[in-house]
Amino acid sequence: MADEHEDTDVFEITDFTTASNWERFTARLEEVIHEWKLANLSVASPLQKGEIANGKWEEKIEDAMFADFQCNIIHHRLCQEGESSSACETDLEGEKEKEKAAELQDQEDLLPTAMQDLLSMDNDFPPRAHCLSRWYGIREFLVLSTAHDSEAVLSESRCNLLLSSACIALSNTNCQLPMFVQVHQKWRKLYMGVCEGAGVRTDFQMVHLKKTPHSCQHLSALLDLFKGKIASSVARIPPVKIAVRFTYVLQDWNQTTWPQAPPDLDGDFGDIVGCSDYSSLPFGACEDPITEIHLSTTWPSLSEDVVVDNDVYTDLDPLQAPQWSVRVRMNDEPQCLLSEYLFSFAKACRRKETTDELLESFEMQRDDETDMSQALQKLTNADISAVSLPRLSKAMKKARTRIKRHVASGEAPLSADVLSELIDYLFPDALDSAYMEKALPQGAEEATDNENKDEKEYVKEIFKSFKSAPLSSLTFKLATCFCHVNHSYGSLRALAHLWQELTFEVRYRWEHGYLIPDVEKGAPNLAHCLLHQKLQMLNCCIARKRNGGADLKSSSTVSISSVDNSSSRTSLNTSTLYSSALKSSTAAAVQPDKPAAADRKGPTDHERSHDLDVSADHEGYMSDGDDEFFECAEALSDSGSAEETVCKVTSDEKTLEEMEITAEDSSQMSVYDRTGVQSESKMDGACLSREDSVYKDSIGEQPEGRLKECGDLKLLNTDEPLYIPITQEPAPLTEDMLEEQADALTRLGTTAEGAHLRARMQSTCLHADMQAFKAANPGCVLEDFVRWYSPRDYCAEEGKLSNRMQLHGNLWQEVWQMSKPIPVRRQKRLFDDTNEAEKVLHFFESLKPAQVALHLMPVIIHAALLRISQLEESAAPAMQASIENISKRAAALTRRPTIDIQKYEETIYSINKIETSIARAQALKERFLGQSKDKRGKERELEKFVSSLLELPEVIVTGAAKSLTGTVVHRMFAKAQRQATGEEIVDDDPHPNSASSFPHPAAREYILRTVVSRPAPYSRPTPQKMYCVLLNEDFRLAGAFSQDTLFQ
């Protein structure tokens, strides 16, 4: 039994040397203070005026655990002017540490920096700062706060425990920074703190109530409370210095106009806000972007002996305040029309439905007026020149009857009236037969931009780099129409309806030979978006069809010089970018050196084609039905020669089979044209003509297809003048066609056989030009052709071709031997307008509505930024720089090979910010400039003031109530106050009495400070400060009360 009793007796030893949770927490605070090098800090220089509000603040955070209670230690610090961020993080070591140790003894009698900041009056009421810095005016401090809201410090004992840990840590490390403990929920911003100095200590205390006590309603009561708190044995407390700020809030904007003009209910857009026509996008806010205007009247330095403020009387008249400042409270996310339209359009781009799926609820029936007796005539495609064409207006009127279709079931997304209005806007030549004549004859983008720049000064150079469409083009108008229809007339179903009608319209124009309006002439410009290029291609096809299928470098009615070649040259040069990767694998003999203008012999290509009328050469050309040759109705001068030529074309079938290349395998790459400029040629269904492998020039043949003499050049063998032939224009191409053909050439590989085949595929245009040259110059040789076509490849001094032209297997020699003298009127067409037009129409008809919207997205962004540029002057100067940056980013985005809708949405977000900023600027100008009655040119002062309001959190009104700005602000408050009280508003009396000019202050702020010896008369004088703010439903007192800890 005794043994059992001994076993149950356990001797426990408590080790009191083990650190407790409280001690570990205090040690962690000291560790963080040393890590941040906050111990033994020297006294900083006094704060400059406005430094707290305008300076840069930095924040560092560390964790600390008190048992299972997690805290955050946060260091807030104002970086001094000229101090780098790295200097903010770490102090200088070495000599600086020694200097601190040497100066420490001298600074023992100085108050800590935080206590000196309490007395500074240069940073009272900062507009933007941490709440503790605003209430106490300190520049650097530490905060202990809970990591989670659920662990808030709610009890007084826990708060005192944390404060005691802070006091010990600050004392042990000789850190003179104030440390605060955040108590209760974070939204209350309630702090208790302490600051330890050399023989002094400051306690930071705070009171936060929902209702203002009756005893604290005025300055006199607050003075009594402050003096009672710092009660001292001193017989008389020094006068208290006071700073006062009253803030008045203006919320009633009944005297101002609505941001948007009221909708015209009788107009085309009905009750749709912000729209007047389809030519531009709406802009601006639908609601007031300005919610409140705050006027703060400040008395920065008053003595308690000279001011009275109690229940009965007050000296604090806002009109007599020496300082006025204004701040504006903005609507964070006002409803803006342009952004709303753009976001809606971007959302439509993500849809996947086809046109048939969207329009399946109803079907449209065509007119029953189609004359089926003309079906065979349509199939054979008879010569339209033999039929008397109706007037354009009559034909377009007949085309308009197609719109009046009968809806079999369901309801159409677009009503007949709206649809007719849209089609009339997109195709104005239907209503005005002379519209095409009034349009620009040359639709190059440069000409359009120059005209718009003359008419509208806001067009910037940056917009020329956008890969979109000209401003007055059909594509640009279609983009704005799509944006309006998508937002206001039924989203994607309405877009599908409009796009279907547009495809019907362009097909009708192609079938009947009517040009598409507002689409520039010439080859597709690769600087524009793909959709616009397709419309240009379709217009090229229509123009060739109207011209009887001729694609010569001349016209039957106008001279060659009138043809627009500039855009064609531009697009051809641009297209070489797609094939630059293949140049290394192409035989060098395919392309001659690019001659310089100064080195050329004979006239340039433009000179060769100047002032020529070749109507006799192709007046009787057949229509598209003959897809092989251009037949001429004019009697041949030598029928035998012509017959002989036709026989030679079909003489050698074996050579034909070796050279034949199908349309599917054909591609286009660049060859040097007559001017030495790279141009693009397209294989149209076949490659080289079928000819004998060896052809001997016949001097006896009659020349055909001559354009004019090539300067003073003579044929080498016959000494006859060398004539420039009439040649075919290269086939126009869009960027997707170039990509496809470049891919086809790439797939041929890098072998010698593939390179040779690729070079022959690129020689179609070269072959046609050689045939035309031989027909125009009987008895010519290859050297004659090179002298005209590529002068640099002929050595005039030696009288022979260049070395590379003489290489064995040179393609130019092979093509020259296989070329027969065939004039251009009997050559195979390089451009099949019928086939290309059907490809374009198929491309349009196969697009989903969302895909159409995606193709138009670059144009929409262009239109949006153009709309912003019209109002750019209304934005703040800082925002104007943002507009330029966004425009540059958007221009680069439009030039990407693929359209990334996510990137465009990011651009739309940036546009939204700019639109909001401009809407705010317009609202402020309406309120301030509209209230000004001064006609002496002082509006610049108000404009500068409005710009400052958009950039700064608070703007000082220079001259307070006596200035022009102060008068305008006073008038605004006086009108609102009179309207609230029902009094008559008199504009000619801007200075009524102060009682009726302003409402009751929404906020009253008081700062009381003094220096008193506490706690004993012989104690060291220490600073005392109390901040008080009185709101409608909030009352806060924040006091900093210091005392001497050595002489108590």
# chains A, B, ... in the order shown; residues from 1 in each chain; ligands from 1
call {"tool": "residues_around", "arguments": {"residues": "Leu782 (chain A)", "least_positions_apart": "2", "cutoff": "9 Å", "atoms": "only C-alpha atoms", "output": "NGL selection string"}}
result
:A and (770 or 780 or 784-787 or 801 or 812-813 or 816-817)
call {"tool": "residues_around", "arguments": {"residues": "Ser220 (chain A)", "least_positions_apart": "4", "cutoff": "10 Å", "atoms": "only C-alpha atoms", "output": "number ranges by chain"}}
result
A: 215-216, 224-225, 304, 307-311
call {"tool": "closest_residue", "arguments": {"among": "A:Ser887, A:Gln741, A:Thr173, A:Gln771", "to": "Glu31 (chain A)", "atoms": "only C-alpha atoms"}}
result
A:Thr173
call {"tool": "select_by_dssp", "arguments": {"residues": "region 178-348 of chain A", "states": "alpha helix (DSSP H)", "output": "list of chain:residue names"}}
result
A:Leu219, A:Ser220, A:Ala221, A:Leu222, A:Leu223, A:Asp224, A:Leu225, A:Phe226, A:Lys227, A:Gly228, A:Lys229, A:Leu337, A:Leu338, A:Ser339, A:Glu340, A:Tyr341, A:Leu342, A:Phe343, A:Ser344, A:Phe345, A:Ala346, A:Lys347, A:Ala348
call {"tool": "residues_around", "arguments": {"residues": "Ala853 (chain A)", "least_positions_apart": "5", "cutoff": "8 Å", "atoms": "only C-alpha atoms", "output": "list in words"}}
result
Phe345, Ala348, Cys349, Ala479 and Phe482 of chain A
call {"tool": "residues_around", "arguments": {"residues": "Gln851 (chain A)", "least_positions_apart": "2", "cutoff": "10 Å", "atoms": "only C-alpha atoms", "output": "list of chain:residue names"}}
result
A:Ala348, A:Cys349, A:Arg350, A:Arg351, A:Lys352, A:Glu353, A:Thr354, A:Ser846, A:Leu847, A:Lys848, A:Pro849, A:Ala853, A:Leu854, A:His855, A:Leu856, A:Met857
call {"tool": "write_last_selection", "arguments": {"atoms": "N, CA, C and O atoms", "output": "compact mmCIF listing (two decimals), in the first residue's frame"}}
result
# COMPACT_ATOMS: atom_id res chain seq x y z
N ALA A 348 -21.67 40.82 -78.46
CA ALA A 348 -22.23 40.18 -79.64
C ALA A 348 -21.15 39.43 -80.42
O ALA A 348 -21.45 38.44 -81.10
N CYS A 349 -19.90 39.88 -80.33
CA CYS A 349 -18.82 39.21 -81.07
C CYS A 349 -18.53 37.82 -80.53
O CYS A 349 -17.87 37.02 -81.21
N ARG A 350 -18.97 37.51 -79.34
CA ARG A 350 -18.72 36.20 -78.74
C ARG A 350 -19.82 35.18 -79.03
O ARG A 350 -19.71 34.03 -78.61
N ARG A 351 -20.84 35.60 -79.71
CA ARG A 351 -21.94 34.68 -80.01
C ARG A 351 -21.53 33.71 -81.12
O ARG A 351 -20.63 33.98 -81.91
N LYS A 352 -22.24 32.59 -81.22
CA LYS A 352 -21.88 31.53 -82.17
C LYS A 352 -23.00 31.22 -83.17
O LYS A 352 -22.80 30.40 -84.06
N GLU A 353 -24.16 31.84 -83.07
CA GLU A 353 -25.28 31.47 -83.91
C GLU A 353 -25.05 31.90 -85.35
O GLU A 353 -24.41 32.92 -85.62
N THR A 354 -25.58 31.11 -86.27
CA THR A 354 -25.54 31.46 -87.68
C THR A 354 -26.74 32.32 -88.04
O THR A 354 -27.68 32.47 -87.25
N SER A 846 -21.27 33.40 -96.09
CA SER A 846 -20.91 32.35 -95.14
C SER A 846 -20.53 32.89 -93.76
O SER A 846 -20.35 32.11 -92.82
N LEU A 847 -20.40 34.20 -93.63
CA LEU A 847 -20.04 34.77 -92.33
C LEU A 847 -21.21 34.72 -91.37
O LEU A 847 -22.36 35.02 -91.73
N LYS A 848 -20.93 34.37 -90.13
CA LYS A 848 -21.93 34.49 -89.07
C LYS A 848 -22.03 35.96 -88.66
O LYS A 848 -21.07 36.72 -88.80
N PRO A 849 -23.17 36.37 -88.14
CA PRO A 849 -23.29 37.77 -87.71
C PRO A 849 -22.22 38.17 -86.70
O PRO A 849 -21.70 39.29 -86.75
N ALA A 853 -19.39 41.15 -87.00
CA ALA A 853 -19.13 42.14 -85.94
C ALA A 853 -17.65 42.12 -85.54
O ALA A 853 -17.06 43.17 -85.28
N LEU A 854 -17.04 40.93 -85.51
CA LEU A 854 -15.63 40.84 -85.15
C LEU A 854 -14.76 41.49 -86.22
O LEU A 854 -13.78 42.17 -85.89
N HIS A 855 -15.10 41.31 -87.49
CA HIS A 855 -14.35 41.98 -88.55
C HIS A 855 -14.50 43.50 -88.47
O HIS A 855 -13.58 44.24 -88.87
N LEU A 856 -15.62 43.96 -87.96
CA LEU A 856 -15.86 45.41 -87.87
C LEU A 856 -15.34 46.01 -86.56
O LEU A 856 -15.40 47.23 -86.39
N MET A 857 -14.85 45.17 -85.65
CA MET A 857 -14.40 45.69 -84.35
C MET A 857 -13.29 46.73 -84.49
O MET A 857 -13.32 47.77 -83.81
call {"tool": "atom_distance", "arguments": {"atom1": "CA of Lys347 (chain A)", "atom2": "CA of Ala850 (chain A)"}}
result
9.1 Å
call {"tool": "select_by_dssp", "arguments": {"residues": "region 189-330 of chain A", "states": "strand (DSSP E or B)", "output": "count of residues only"}}
result
52
call {"tool": "residues_around", "arguments": {"residues": "region 913-917 of chain A", "least_positions_apart": "4", "cutoff": "7 Å", "atoms": "only C-alpha atoms", "output": "PyMOL selection string"}}
result
chain A and resi 284+336+875+879+909+921
call {"tool": "closest_atom_pairs", "arguments": {"of": "region 926-976 of chain A", "to": "region 237-248 of chain A", "cutoff": "12 Å", "atoms": "only C-alpha atoms", "output": "JSON lines"}}
result
{"residue": "A:Val969", "atom": "CA", "partner": "A:Tyr248", "partner_atom": "CA", "distance": 11.1}
{"residue": "A:His970", "atom": "CA", "partner": "A:Tyr248", "partner_atom": "CA", "distance": 10.9}
{"residue": "A:Met972", "atom": "CA", "partner": "A:Tyr248", "partner_atom": "CA", "distance": 11.8}
{"residue": "A:Phe973", "atom": "CA", "partner": "A:Tyr248", "partner_atom": "CA", "distance": 8.9}
{"residue": "A:Ala974", "atom": "CA", "partner": "A:Tyr248", "partner_atom": "CA", "distance": 11.7}
{"residue": "A:Ala976", "atom": "CA", "partner": "A:Tyr248", "partner_atom": "CA", "distance": 11.9}
call {"tool": "residues_around", "arguments": {"residues": "Asp332 (chain A)", "least_positions_apart": "4", "cutoff": "10 Å", "atoms": "only C-alpha atoms", "output": "JSON, numbers by chain"}}
result
{"A": [289, 290, 291, 916]}
call {"tool": "write_last_selection", "arguments": {"atoms": "C-alpha atoms", "output": "mmCIF file, in the first residue's frame"}}
result
data_model
loop_
_atom_site.group_PDB
_atom_site.id
_atom_site.type_symbol
_atom_site.label_atom_id
_atom_site.label_comp_id
_atom_site.auth_asym_id
_atom_site.auth_seq_id
_atom_site.Cartn_x
_atom_site.Cartn_y
_atom_site.Cartn_z
ATOM 1 C CA PRO A 289 -21.377 62.113 -63.193
ATOM 2 C CA ILE A 290 -21.073 64.693 -60.397
ATOM 3 C CA THR A 291 -22.893 63.761 -57.206
ATOM 4 C CA THR A 916 -16.161 59.096 -67.851
#
call {"tool": "residues_around", "arguments": {"residues": "region 116-129 of chain A", "least_positions_apart": "3", "cutoff": "9 Å", "atoms": "only C-alpha atoms", "output": "ChimeraX atom specification"}}
result
/A:46-54,57,111-113,132-139,243,245,300-301,327,953-954,1005,1007,1009-1011,1023-1025,1040
call {"tool": "closest_residue", "arguments": {"among": "A:Met436, A:Ala980, A:Leu419, A:Leu538", "to": "Tyr489 (chain A)", "atoms": "only C-alpha atoms"}}
result
A:Leu419
call {"tool": "atom_distance", "arguments": {"atom1": "CA of Asp793 (chain A)", "atom2": "CA of Met805 (chain A)"}}
result
7.1 Å
call {"tool": "atom_distance", "arguments": {"atom1": "CA of Leu952 (chain A)", "atom2": "CA of Pro318 (chain A)"}}
result
22.7 Å
call {"tool": "closest_residue", "arguments": {"among": "A:Lys189, A:Arg867, A:Arg546, A:Lys56", "to": "Ala1038 (chain A)", "atoms": "only C-alpha atoms"}}
result
A:Lys189
call {"tool": "closest_residue", "arguments": {"among": "A:Ala346, A:Val859, A:Leu841, A:Ala527", "to": "Ile908 (chain A)", "atoms": "only C-alpha atoms"}}
result
A:Ala346
call {"tool": "closest_residue", "arguments": {"among": "A:Pro213, A:Arg329, A:Pro858, A:Asp833", "to": "Asp900 (chain A)", "atoms": "only C-alpha atoms"}}
result
A:Pro858
